[in-house]
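> Below is the file structure_13.txt, which contains compact mmCIF, C-alpha atoms and all ligand atoms.
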# COMPACT_ATOMS: atom_id res chain seq x y z
CA MET Y 30 21.31 17.60 22.84
CA LYS Y 31 19.68 14.21 22.26
CA ILE Y 32 15.99 13.84 21.45
CA LEU Y 33 14.08 10.56 21.41
CA VAL Y 34 11.19 10.44 18.94
CA ILE Y 35 8.40 7.95 19.58
CA ASN Y 36 5.59 6.95 17.27
CA SER Y 37 3.26 4.52 19.04
CA GLY Y 38 0.71 3.12 16.63
CA SER Y 39 -2.07 0.59 17.00
CA SER Y 40 0.30 -2.39 17.01
CA SER Y 41 3.80 -0.95 16.91
CA LEU Y 42 6.12 1.47 18.65
CA LYS Y 43 8.75 3.08 16.43
CA PHE Y 44 11.60 5.11 17.85
CA THR Y 45 14.54 7.21 16.69
CA LEU Y 46 17.23 8.84 18.82
CA PHE Y 47 18.72 12.00 17.29
CA GLU Y 48 21.82 14.00 18.17
CA MET Y 49 20.43 17.44 17.36
CA GLU Y 50 23.76 19.25 17.11
CA ASN Y 51 24.30 17.75 13.66
CA GLU Y 52 20.83 16.19 13.25
CA THR Y 53 22.24 12.68 13.02
CA ARG Y 54 20.28 9.55 13.78
CA LEU Y 55 22.07 7.64 16.55
CA ALA Y 56 19.70 4.69 16.77
CA HIS Y 57 16.30 3.60 15.54
CA GLY Y 58 13.99 0.62 15.49
CA MET Y 59 10.59 -0.67 16.45
CA ALA Y 60 8.53 -3.06 18.51
CA GLU Y 61 6.08 -4.96 16.33
CA ARG Y 62 2.83 -6.85 16.96
CA ILE Y 63 2.26 -5.10 20.29
CA GLY Y 64 -0.58 -6.74 22.21
CA GLN Y 65 -0.45 -9.80 19.95
CA SER Y 66 1.38 -13.10 19.98
CA GLY Y 67 4.66 -13.23 18.09
CA SER Y 68 5.78 -9.71 18.98
CA SER Y 69 9.34 -8.72 18.22
CA PHE Y 70 11.80 -5.90 18.82
CA HIS Y 71 14.28 -4.47 16.32
CA PHE Y 72 17.14 -2.15 17.21
CA THR Y 73 19.74 -0.55 14.96
CA ALA Y 74 22.53 1.64 16.29
CA ASN Y 75 25.11 3.74 14.47
CA GLY Y 76 28.19 1.54 14.35
CA GLY Y 77 26.50 -1.07 16.57
CA GLY Y 78 24.73 -3.15 13.95
CA SER Y 79 21.15 -4.45 13.99
CA HIS Y 80 19.55 -6.67 16.60
CA THR Y 81 16.21 -8.48 16.57
CA ILE Y 82 14.63 -10.40 19.44
CA GLU Y 83 11.33 -12.22 19.76
CA VAL Y 84 9.44 -11.26 22.94
CA GLU Y 85 6.00 -12.60 23.79
CA ASN Y 86 3.19 -10.11 24.44
CA LEU Y 87 4.97 -6.80 24.31
CA ASN Y 88 2.98 -3.79 25.48
CA TYR Y 89 3.88 -0.09 25.15
CA ARG Y 90 5.63 0.01 28.53
CA THR Y 91 7.72 -3.13 27.99
CA SER Y 92 8.55 -1.99 24.45
CA LEU Y 93 9.83 1.36 25.64
CA ALA Y 94 11.74 -0.31 28.47
CA LEU Y 95 13.51 -2.38 25.77
CA VAL Y 96 14.29 0.77 23.80
CA ILE Y 97 16.01 2.28 26.84
CA LYS Y 98 17.78 -0.99 27.72
CA TYR Y 99 19.22 -1.26 24.20
CA LEU Y 100 20.14 2.44 24.02
CA LEU Y 101 22.13 1.93 27.25
CA ASP Y 102 23.69 -1.39 26.28
CA PRO Y 103 27.43 -1.23 27.04
CA LYS Y 104 28.36 -3.10 23.83
CA PHE Y 105 26.16 -1.68 21.10
CA GLY Y 106 24.20 1.10 22.85
CA VAL Y 107 24.69 4.79 22.04
CA ILE Y 108 24.25 6.50 25.43
CA LYS Y 109 25.71 5.90 28.88
CA ASP Y 110 22.99 7.47 31.00
CA ILE Y 111 19.27 7.98 30.46
CA ALA Y 112 19.80 11.62 31.54
CA GLU Y 113 21.51 12.19 28.16
CA ILE Y 114 18.04 12.20 26.61
CA SER Y 115 16.92 15.83 26.90
CA ALA Y 116 13.33 15.36 25.73
CA VAL Y 117 10.93 12.91 24.11
CA GLY Y 118 8.93 13.96 21.04
CA HIS Y 119 5.72 12.01 20.51
CA ARG Y 120 3.90 11.78 17.21
CA ILE Y 121 0.22 12.38 17.99
CA VAL Y 122 -2.34 12.06 15.22
CA HIS Y 123 -5.30 14.21 16.28
CA GLY Y 124 -5.43 17.40 18.31
CA GLY Y 125 -8.79 18.63 17.01
CA GLU Y 126 -9.10 22.42 17.01
CA HIS Y 127 -7.19 22.78 20.25
CA VAL Y 128 -3.65 22.26 18.99
CA SER Y 129 -1.94 24.36 16.33
CA ALA Y 130 1.71 23.89 17.37
CA PRO Y 131 3.92 21.37 19.15
CA ILE Y 132 3.18 21.43 22.90
CA VAL Y 133 4.37 20.17 26.26
CA LEU Y 134 2.38 17.09 27.27
CA ASP Y 135 0.86 17.74 30.67
CA SER Y 136 -2.47 16.70 32.17
CA LYS Y 137 -4.33 19.38 30.16
CA THR Y 138 -2.86 18.42 26.80
CA LYS Y 139 -3.30 14.72 27.56
CA SER Y 140 -6.99 15.35 28.14
CA ILE Y 141 -7.14 17.01 24.69
CA ILE Y 142 -5.71 13.81 23.20
CA LYS Y 143 -8.43 11.85 25.03
CA GLU Y 144 -11.14 14.24 23.82
CA CYS Y 145 -10.05 13.42 20.26
CA PHE Y 146 -10.32 9.62 20.73
CA GLU Y 147 -13.58 9.57 18.77
CA LEU Y 148 -12.01 11.47 15.86
CA ALA Y 149 -8.99 9.12 15.67
CA PRO Y 150 -10.02 5.88 17.39
CA LEU Y 151 -7.16 3.84 15.91
CA HIS Y 152 -4.39 6.34 16.61
CA ASN Y 153 -4.96 8.61 19.61
CA PRO Y 154 -5.43 5.81 22.21
CA PRO Y 155 -2.07 4.12 21.40
CA ASN Y 156 -0.43 7.57 21.13
CA LEU Y 157 -1.54 8.24 24.70
CA GLN Y 158 -0.32 4.85 25.87
CA GLY Y 159 3.11 5.70 24.47
CA ILE Y 160 3.14 8.96 26.44
CA VAL Y 161 2.11 7.25 29.68
CA ALA Y 162 4.83 4.62 29.18
CA ALA Y 163 7.47 7.32 28.57
CA GLU Y 164 6.41 9.32 31.64
CA ASP Y 165 6.63 6.15 33.67
CA ILE Y 166 10.03 5.02 32.41
CA MET Y 167 11.65 8.44 32.03
CA PRO Y 168 10.25 10.58 34.85
CA GLY Y 169 11.32 14.21 34.74
CA VAL Y 170 12.22 14.13 31.02
CA PRO Y 171 10.08 16.69 29.10
CA GLN Y 172 7.46 15.01 26.90
CA ILE Y 173 6.44 17.02 23.84
CA GLY Y 174 3.52 16.28 21.50
CA VAL Y 175 3.82 16.93 17.76
CA PHE Y 176 0.38 16.61 16.19
CA ASP Y 177 -0.36 15.54 12.60
CA THR Y 178 -3.32 17.90 12.48
CA ALA Y 179 -1.53 20.97 13.94
CA PHE Y 180 0.07 22.22 10.70
CA PHE Y 181 -3.35 22.54 9.07
CA GLN Y 182 -5.00 24.63 11.77
CA SER Y 183 -4.20 27.76 9.72
CA ILE Y 184 -6.46 26.61 6.87
CA PRO Y 185 -9.21 29.24 6.43
CA GLN Y 186 -12.78 28.51 7.42
CA HIS Y 187 -14.09 28.51 3.84
CA ALA Y 188 -11.71 25.59 3.13
CA PHE Y 189 -12.16 23.59 6.33
CA LEU Y 190 -15.96 23.77 6.64
CA TYR Y 191 -18.20 21.30 4.85
CA ALA Y 192 -21.49 22.54 3.36
CA ILE Y 193 -23.61 20.68 5.88
CA PRO Y 194 -25.69 22.28 8.68
CA TYR Y 195 -23.36 24.61 10.58
CA GLU Y 196 -24.65 23.25 13.90
CA MET Y 197 -22.94 19.95 13.09
CA TYR Y 198 -19.61 21.72 13.03
CA LYS Y 199 -20.37 23.37 16.37
CA ARG Y 200 -21.97 20.33 17.99
CA ASP Y 201 -20.00 17.43 16.52
CA ALA Y 202 -16.72 19.11 15.47
CA VAL Y 203 -17.28 17.97 11.86
CA ARG Y 204 -14.76 19.86 9.70
CA ARG Y 205 -11.60 19.28 7.68
CA TYR Y 206 -8.59 18.62 9.93
CA GLY Y 207 -6.02 17.19 7.51
CA PHE Y 208 -3.34 14.58 8.26
CA HIS Y 209 0.34 13.92 7.36
CA GLY Y 210 0.92 17.50 8.60
CA THR Y 211 4.45 16.78 9.82
CA SER Y 212 5.46 15.42 6.41
CA HIS Y 213 3.89 18.29 4.44
CA LYS Y 214 5.61 20.76 6.78
CA TYR Y 215 9.02 19.07 6.46
CA VAL Y 216 9.06 18.84 2.66
CA SER Y 217 7.59 22.33 2.16
CA ILE Y 218 10.36 23.82 4.34
CA LYS Y 219 12.96 21.91 2.27
CA ALA Y 220 11.31 22.98 -0.99
CA SER Y 221 11.35 26.60 0.13
CA GLY Y 222 15.16 26.53 0.01
CA PHE Y 223 15.08 25.80 -3.75
CA LEU Y 224 13.03 28.89 -4.62
CA ASP Y 225 14.16 32.42 -5.47
CA GLU Y 226 10.93 34.13 -4.38
CA PRO Y 227 10.80 35.59 -0.86
CA LYS Y 228 9.34 32.98 1.49
CA GLU Y 229 6.11 34.91 2.19
CA PHE Y 230 5.12 34.74 -1.50
CA GLN Y 231 6.11 31.14 -2.22
CA LYS Y 232 3.35 28.92 -3.60
CA ILE Y 233 3.98 25.23 -3.08
CA ILE Y 234 1.95 22.06 -3.65
CA THR Y 235 3.16 19.04 -1.67
CA CYS Y 236 2.06 15.50 -2.65
CA HIS Y 237 2.55 12.87 0.08
CA LEU Y 238 2.01 9.60 -1.78
CA GLY Y 239 2.48 6.53 0.41
CA ASN Y 240 -0.03 3.89 1.45
CA GLY Y 241 -2.05 6.89 2.60
CA CYS Y 242 -1.99 9.81 0.17
CA SER Y 243 -2.66 13.51 0.68
CA ILE Y 244 -1.91 16.79 -1.06
CA SER Y 245 -1.60 20.32 0.33
CA ALA Y 246 -1.59 23.86 -1.03
CA ILE Y 247 0.91 25.99 0.93
CA LYS Y 248 1.41 29.76 0.56
CA GLY Y 249 4.12 31.60 2.45
CA GLY Y 250 4.72 28.51 4.60
CA LYS Y 251 1.06 28.25 5.68
CA PRO Y 252 -1.36 25.68 4.26
CA LEU Y 253 -4.46 27.04 2.52
CA ASP Y 254 -6.02 23.63 1.89
CA THR Y 255 -5.37 19.91 2.15
CA SER Y 256 -7.13 16.86 0.77
CA MET Y 257 -7.73 14.72 3.87
CA GLY Y 258 -10.71 15.78 5.91
CA LEU Y 259 -12.48 14.83 9.12
CA THR Y 260 -10.67 11.52 8.74
CA PRO Y 261 -7.86 10.34 6.43
CA LEU Y 262 -10.46 8.83 4.07
CA GLU Y 263 -11.07 11.94 1.95
CA GLY Y 264 -9.14 13.13 -1.06
CA LEU Y 265 -6.73 11.22 -3.28
CA VAL Y 266 -7.03 7.55 -4.22
CA MET Y 267 -4.91 5.54 -1.76
CA GLY Y 268 -3.71 1.95 -1.28
CA THR Y 269 -6.96 0.74 0.26
CA ARG Y 270 -8.93 3.99 0.83
CA CYS Y 271 -11.35 5.38 -1.73
CA GLY Y 272 -10.66 9.11 -1.30
CA ASP Y 273 -13.40 11.41 -2.65
CA ILE Y 274 -16.72 9.80 -3.47
CA ASP Y 275 -20.31 11.00 -3.69
CA PRO Y 276 -21.47 10.74 -0.03
CA ALA Y 277 -24.81 9.36 -1.23
CA ILE Y 278 -22.95 6.18 -2.29
CA VAL Y 279 -22.63 5.28 1.38
CA VAL Y 280 -26.38 5.18 2.02
CA TYR Y 281 -27.11 3.68 -1.41
CA LEU Y 282 -24.70 0.78 -0.87
CA MET Y 283 -25.88 0.19 2.68
CA ASN Y 284 -29.40 -0.27 1.30
CA GLU Y 285 -28.55 -2.20 -1.87
CA GLU Y 286 -25.99 -4.56 -0.29
CA HIS Y 287 -27.54 -4.71 3.20
CA LEU Y 288 -24.36 -3.41 4.84
CA SER Y 289 -23.98 -2.18 8.40
CA SER Y 290 -22.19 1.11 9.11
CA GLU Y 291 -19.11 -0.88 10.23
CA GLU Y 292 -19.14 -2.92 7.01
CA ILE Y 293 -19.34 0.09 4.69
CA TYR Y 294 -16.65 1.87 6.72
CA GLU Y 295 -14.41 -1.18 6.37
CA ILE Y 296 -15.01 -1.36 2.60
CA LEU Y 297 -14.19 2.32 2.04
CA ASN Y 298 -11.11 2.24 4.31
CA LYS Y 299 -9.64 -1.21 3.73
CA LYS Y 300 -11.01 -2.63 0.47
CA SER Y 301 -11.11 0.34 -1.88
CA GLY Y 302 -8.46 2.49 -3.57
CA LEU Y 303 -5.82 0.70 -5.66
CA LEU Y 304 -6.82 -2.62 -4.09
CA GLY Y 305 -10.51 -2.16 -4.80
CA ILE Y 306 -10.09 -1.10 -8.43
CA SER Y 307 -7.39 -3.63 -9.34
CA GLY Y 308 -8.83 -6.50 -7.29
CA LEU Y 309 -5.17 -7.47 -6.81
CA THR Y 310 -3.12 -5.43 -4.39
CA SER Y 311 -2.81 -2.11 -2.58
CA ASP Y 312 0.93 -1.96 -3.27
CA PHE Y 313 1.85 0.56 -5.99
CA ARG Y 314 4.94 -1.38 -7.12
CA ASP Y 315 2.86 -4.52 -7.64
CA ILE Y 316 0.23 -2.51 -9.51
CA LEU Y 317 2.97 -1.17 -11.82
CA ASN Y 318 4.29 -4.70 -12.44
CA GLU Y 319 0.83 -6.04 -13.22
CA ALA Y 320 0.10 -3.07 -15.49
CA ASP Y 321 3.37 -3.81 -17.33
CA LYS Y 322 2.13 -7.32 -17.98
CA GLY Y 323 -1.03 -5.82 -19.47
CA ASN Y 324 -3.45 -6.40 -16.60
CA LYS Y 325 -6.37 -4.10 -17.50
CA ARG Y 326 -7.64 -3.52 -13.97
CA ALA Y 327 -4.13 -2.61 -12.77
CA LEU Y 328 -3.87 -0.14 -15.67
CA LEU Y 329 -7.25 1.29 -14.73
CA ALA Y 330 -6.17 1.67 -11.08
CA LEU Y 331 -3.08 3.62 -12.22
CA ARG Y 332 -5.14 5.90 -14.42
CA ILE Y 333 -7.69 6.68 -11.73
CA PHE Y 334 -4.89 7.28 -9.20
CA SER Y 335 -3.03 9.78 -11.39
CA TYR Y 336 -6.21 11.40 -12.77
CA ARG Y 337 -7.38 12.24 -9.23
CA LEU Y 338 -3.94 13.60 -8.36
CA LYS Y 339 -3.89 15.82 -11.46
CA LYS Y 340 -7.36 17.12 -10.65
CA TYR Y 341 -6.18 18.17 -7.19
CA ILE Y 342 -2.99 19.78 -8.49
CA GLY Y 343 -5.10 21.80 -10.94
CA SER Y 344 -7.51 22.90 -8.25
CA TYR Y 345 -4.74 23.83 -5.81
CA TYR Y 346 -3.04 25.81 -8.59
CA THR Y 347 -6.11 28.02 -8.65
CA VAL Y 348 -6.35 28.09 -4.82
CA LEU Y 349 -2.77 29.40 -4.70
CA GLY Y 350 -3.16 31.68 -7.72
CA GLY Y 351 -0.11 30.14 -9.41
CA LEU Y 352 2.64 27.74 -8.49
CA ASP Y 353 6.36 27.92 -7.71
CA ALA Y 354 7.06 24.33 -6.65
CA LEU Y 355 5.43 20.92 -6.94
CA VAL Y 356 6.85 18.41 -4.46
CA PHE Y 357 6.63 14.61 -4.53
CA THR Y 358 7.31 12.65 -1.36
CA ALA Y 359 6.70 9.31 0.48
CA GLY Y 360 7.03 5.80 -1.01
CA ILE Y 361 5.30 6.39 -4.36
CA GLY Y 362 6.23 10.08 -4.69
CA GLU Y 363 9.91 9.44 -3.97
CA HIS Y 364 10.35 6.28 -6.01
CA SER Y 365 7.89 6.09 -8.89
CA ALA Y 366 9.29 7.88 -11.95
CA HIS Y 367 6.35 6.41 -13.87
CA LEU Y 368 3.74 8.15 -11.72
CA ARG Y 369 5.61 11.46 -11.66
CA ALA Y 370 5.99 11.44 -15.45
CA ASP Y 371 2.36 10.45 -15.98
CA VAL Y 372 1.16 13.35 -13.82
CA CYS Y 373 3.67 16.01 -14.88
CA ASN Y 374 3.55 15.34 -18.62
CA LYS Y 375 -0.09 16.35 -18.60
CA LEU Y 376 0.49 19.53 -16.62
CA GLU Y 377 2.29 21.56 -19.29
CA CYS Y 378 -0.74 23.87 -19.34
CA ILE Y 379 0.29 25.19 -15.91
CA GLY Y 380 3.97 25.59 -16.84
CA ILE Y 381 5.28 22.22 -15.68
CA SER Y 382 7.95 20.53 -17.75
CA ILE Y 383 10.20 17.75 -16.47
CA ASP Y 384 13.58 16.36 -17.50
CA SER Y 385 12.93 12.68 -18.18
CA GLU Y 386 16.47 11.62 -17.29
CA ALA Y 387 16.42 13.48 -13.94
CA ASN Y 388 13.00 12.01 -13.25
CA ARG Y 389 14.14 8.48 -14.07
CA ASN Y 390 17.00 8.89 -11.58
CA SER Y 391 14.68 10.38 -8.91
CA GLU Y 392 16.98 13.40 -8.67
CA CYS Y 393 16.01 16.16 -6.30
CA VAL Y 394 15.10 18.67 -9.05
CA ILE Y 395 13.30 16.97 -11.91
CA SER Y 396 11.92 20.03 -13.74
CA ASP Y 397 13.84 21.19 -16.81
CA SER Y 398 15.19 24.67 -17.54
CA LYS Y 399 12.04 25.82 -19.36
CA SER Y 400 9.66 24.77 -16.60
CA LYS Y 401 7.98 27.70 -14.82
CA VAL Y 402 7.48 25.47 -11.78
CA LYS Y 403 10.28 23.69 -9.86
CA VAL Y 404 9.34 20.04 -9.61
CA LEU Y 405 11.08 18.41 -6.66
CA VAL Y 406 11.49 14.91 -5.23
CA ILE Y 407 12.11 15.31 -1.51
CA PRO Y 408 12.32 12.28 0.80
CA THR Y 409 10.14 12.94 3.80
CA ASN Y 410 11.57 12.72 7.32
CA GLU Y 411 8.74 12.98 9.82
CA GLU Y 412 10.95 11.78 12.70
CA LEU Y 413 13.47 14.58 12.14
CA MET Y 414 10.67 17.15 11.89
CA ILE Y 415 9.27 15.90 15.22
CA ALA Y 416 12.74 16.09 16.77
CA ARG Y 417 13.21 19.67 15.47
CA ASP Y 418 9.78 20.72 16.76
CA THR Y 419 10.51 19.06 20.12
CA LEU Y 420 13.83 20.86 20.41
CA ALA Y 421 12.17 24.21 19.62
CA VAL Y 422 9.61 23.71 22.42
CA VAL Y 423 12.28 22.68 24.93
CA GLN Y 424 14.51 25.63 24.02
CA ALA Y 425 11.61 28.08 24.29
CA GLN Y 426 10.88 27.03 27.87
P1 LIG Y 501 3.40 4.42 4.44
O1 LIG Y 501 2.27 5.34 4.08
O2 LIG Y 501 2.94 3.12 5.01
O3 LIG Y 501 4.52 5.08 5.24
P2 LIG Y 501 5.30 4.43 2.23
O4 LIG Y 501 5.55 5.90 2.26
O5 LIG Y 501 6.42 3.54 2.59
O6 LIG Y 501 4.01 4.01 3.04
O7 LIG Y 501 4.81 4.08 0.74
C1 LIG Y 501 4.39 2.80 0.42
C2 LIG Y 501 4.01 2.77 -1.05
O8 LIG Y 501 5.14 3.17 -1.83
C3 LIG Y 501 3.60 1.39 -1.52
O9 LIG Y 501 2.45 1.48 -2.34
C4 LIG Y 501 4.81 0.96 -2.32
O10 LIG Y 501 4.49 0.06 -3.36
C5 LIG Y 501 5.27 2.30 -2.92
N1 LIG Y 501 6.65 2.20 -3.39
C6 LIG Y 501 7.76 1.94 -2.66
N2 LIG Y 501 8.84 1.85 -3.48
C7 LIG Y 501 8.38 2.04 -4.74
C8 LIG Y 501 9.00 2.06 -6.04
N3 LIG Y 501 10.30 1.86 -6.20
N4 LIG Y 501 8.20 2.29 -7.11
C9 LIG Y 501 6.89 2.49 -6.96
N5 LIG Y 501 6.26 2.48 -5.78
C10 LIG Y 501 6.98 2.26 -4.68
Now that the file is in, can you turn its structure into structure tokens?


Amino acid sequence: MKILVINSGSSSLKFTLFEMENETRLAHGMAERIGQSGSSFHFTANGGGSHTIEVENLNYRTSLALVIKYLLDPKFGVIKDIAEISAVGHRIVHGGEHVSAPIVLDSKTKSIIKECFELAPLHNPPNLQGIVAAEDIMPGVPQIGVFDTAFFQSIPQHAFLYAIPYEMYKRDAVRRYGFHGTSHKYVSIKASGFLDEPKEFQKIITCHLGNGCSISAIKGGKPLDTSMGLTPLEGLVMGTRCGDIDPAIVVYLMNEEHLSSEEIYEILNKKSGLLGISGLTSDFRDILNEADKGNKRALLALRIFSYRLKKYIGSYYTVLGGLDALVFTAGIGEHSAHLRADVCNKLECIGISIDSEANRNSECVISDSKSKVKVLVIPTNEELMIARDTLAVVQAQ
């Protein structure tokens, strides 16, 4: 059975076609700069090489039409008939409190996506456009939504509610939702296979460290807490996002620097984090290079980044009442031995001890034999998780 996974973002549409029998990726690629000048389309097929074309003013519909055209191409395509695609799995960012599992996208579930526009103004509208384009181009093919927020719907009320007037939760839906759910789910399932404890007792902390960063505490396969909140701004230090700050800073800065709500929002989302502290870049590799050369602000950015991460690991250790596995994933988590060593070498107090050689080589298990906690480096695969979830919904029908 073949499943097409689509991730339509604010200016791009990424796709992957999977053969689910052996979970192989048959083709993948993306349309870039959607809705802007200079848009382009990239397509890579198993055994068919890579192709890039420049197309002016791509939209979601024309992008998806290109995906299908290339998938069907007699020379380098990977299918002969569109009917070979059994279902389409869409990555959807926000499902509010209505969605706790992957679901069939029908008029009811599409209206839920619309209801959540205000909570994810940059993501849900293009997600919906991707669905409409797929329905249009592939009529009759089941469309399934896999929501970033769904995995975290099991988080208990004491962890998802903020200590603000309760009416604001009821009236305005202000609560912790969490993001990167598909990634945390994928790597926690993988990590589970490395542990001897029965699954229902397993205590796992997953650290998704990319441009956006989040951390989750997962017990028996269900999250108990996660660091991102109403929006992806809360929690860890990120490339350009501040993560946790005293909320009074917002009002204070608006007054002191005469900033509008849009301006302060832009500063906290786009000009803070590693970029804001270093004054140089949001890219972790570049921060490491600058720190190596002795740049003090880059060094400071690294310290603040790993200090915040350690603080969260410590607090989730107590939330879980112990720890069996600590997982690193996404760009920084998968590739930065420096960051992993910096964090883990200061966590001996909770039984973490890593093998420096295994860490340097980014091996899968980087904890040593005396470590009480398995420390794992697991490459995330959100597309495959979406394809698996899509398949499960289709098969259950
Ligand atoms: P996104 O959240 O956009 O999917 P990624 O998961 O690709 O991002 O992570 C991007 C981050 O990973 C960047 O900060 C990048 O510098 C960092 N990164 C990628 N490779 C390395 C590496 N070898 N060492 C350190 N950081 C890396």

> Name each residue within 9 Å of ligand LIG 501 (chain Y), counting only C-alpha atoms and all ligand atoms, as a PyMOL selection string.

chain Y and resi 237-242+267-268+303+311-317+358-368+409

> Out of Y:Val402, Y:Leu297, Y:Leu55, Y:Ile306, which residue has the shortest atom-to-atom distance to Y:Asp273 when counting all atoms listed in the file?

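With all atoms listed in the file as the atom set, the closest residue is Y:Leu297.
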
> Calculate how many Å separate atom CA of Y:Gln182 from atom CA of Y:Glu126, rounding to one decimal.

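These atoms are spaced 7.0 Å apart.
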
> Which one of Y:Ile184, Y:Ala192, Y:Ala220, Y:Ile35 sits closest to Y:Val161 if you count all atoms listed in the file?

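For Y:Val161, the nearest of the candidates is Y:Ile35.
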
> Under the rule that only C-alpha atoms are counted, which of Y:Gly125, Y:Pro131, Y:Gly67, Y:Gly77 is the nearest residue to Y:Ala421?

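When distances to Y:Ala421 are compared using only C-alpha atoms, the smallest one comes from Y:Pro131.
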
> With a distance cut-off of 12 Å and only C-alpha atoms, select the neighbouring residues of Y:Ile244, excluding the residue or stretch itself and same-chain residues fewer than 3 positions from it, and output the selection as an MDAnalysis selection string.

chainID Y and resid 181 207:210 212:214 216:217 233:239 241 247 252:258 261 263:267 272 337:346 355:359 362

> Could you state the separation of atom CA of Y:Ala370 and atom CA of Y:Val394 in Å, given to one decimal place?

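Atom CA of Y:Val394 lies at a distance of 13.3 Å from atom CA of Y:Ala370.
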
> What does the distance from atom CA of Y:Ile63 to atom CA of Y:Asn156 come to in Å, to one decimal?

13.0 Å

> I want to know what sits within 9 Å of stretch 162-165 of chain Y, based on all atoms listed in the file, with residues of the same chain fewer than 3 positions away left out; could you give that as a compact mmCIF listing (two decimals) with C-alpha atoms, in the frame of the given file?


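Dumped to around-v6.txt:
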# COMPACT_ATOMS: atom_id res chain seq x y z
CA TYR Y 89 3.88 -0.09 25.15
CA ARG Y 90 5.63 0.01 28.53
CA THR Y 91 7.72 -3.13 27.99
CA SER Y 92 8.55 -1.99 24.45
CA LEU Y 93 9.83 1.36 25.64
CA ALA Y 94 11.74 -0.31 28.47
CA VAL Y 117 10.93 12.91 24.11
CA LEU Y 157 -1.54 8.24 24.70
CA GLN Y 158 -0.32 4.85 25.87
CA GLY Y 159 3.11 5.70 24.47
CA PRO Y 168 10.25 10.58 34.85
CA GLY Y 169 11.32 14.21 34.74
CA VAL Y 170 12.22 14.13 31.02
CA PRO Y 171 10.08 16.69 29.10
CA GLN Y 172 7.46 15.01 26.90

> Mind checking which residues fall within 7 Å of Y:Leu349, counting all atoms listed in the file, ignoring those fewer than 4 positions away in the same chain, and posting them as a list in words?

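In the requested format, the answer is Lys232, Ala246, Lys248 and Tyr345 of chain Y.
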
> Counting all atoms listed in the file, figure out which residue out of Y:Leu304, Y:Leu420, Y:Ile407, Y:Leu224 gets nearest to Y:Arg326.

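Closest to Y:Arg326 of all the choices is Y:Leu304.
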
> So which residues touch stretch 410-416 of chain Y within 8 Å, counting only C-alpha atoms, skipping near sequence neighbours fewer than 6 positions away, as a list in words?

Ile32, Leu33, Val34, Thr45, Phe47, Met49, Glu52, Gly118, His119, Arg120, Val175, Thr211, Ser212 and Tyr215 of chain Y

> Go through Y:Ser382, Y:Thr178, Y:Ser79, Y:Asn86 and flag the residue nearest Y:Arg205, using all atoms listed in the file for the distances.

Y:Thr178

> Could you pull the residues within 8 Å of Y:Cys145, counting all atoms listed in the file, minus those fewer than 6 positions along the same chain, as a PyMOL selection string?

chain Y and resi 123-125+153

> Tell me which residues come within 12 Å of (9.8, 24.7, -17.7), as a list in words, counting all atoms listed in the file in the file's coordinates.

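Nearby residues: Asp353, Ala354, Cys373, Asn374, Leu376, Glu377, Cys378, Ile379, Gly380, Ile381, Ser382, Ile383, Asp384, Val394, Ile395, Ser396, Asp397, Ser398, Lys399, Ser400, Lys401, Val402, Lys403 and Val404 of chain Y.
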
> Restricting the calculation to all atoms listed in the file, which member of Y:Phe146, Y:Glu50, Y:Leu331, Y:Gly38 is positioned closest to Y:Asn318?

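Checking each candidate against Y:Asn318, we get Y:Leu331 as the closest.
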
> Counting all atoms listed in the file, select every polymer residue within 7 Å of (6.7, -4.1, 19.0) as defined in the file's coordinates, and provide the selection as a VMD selection string.

chain Y and resid 40 to 42 59 to 63 68 to 70 87 92
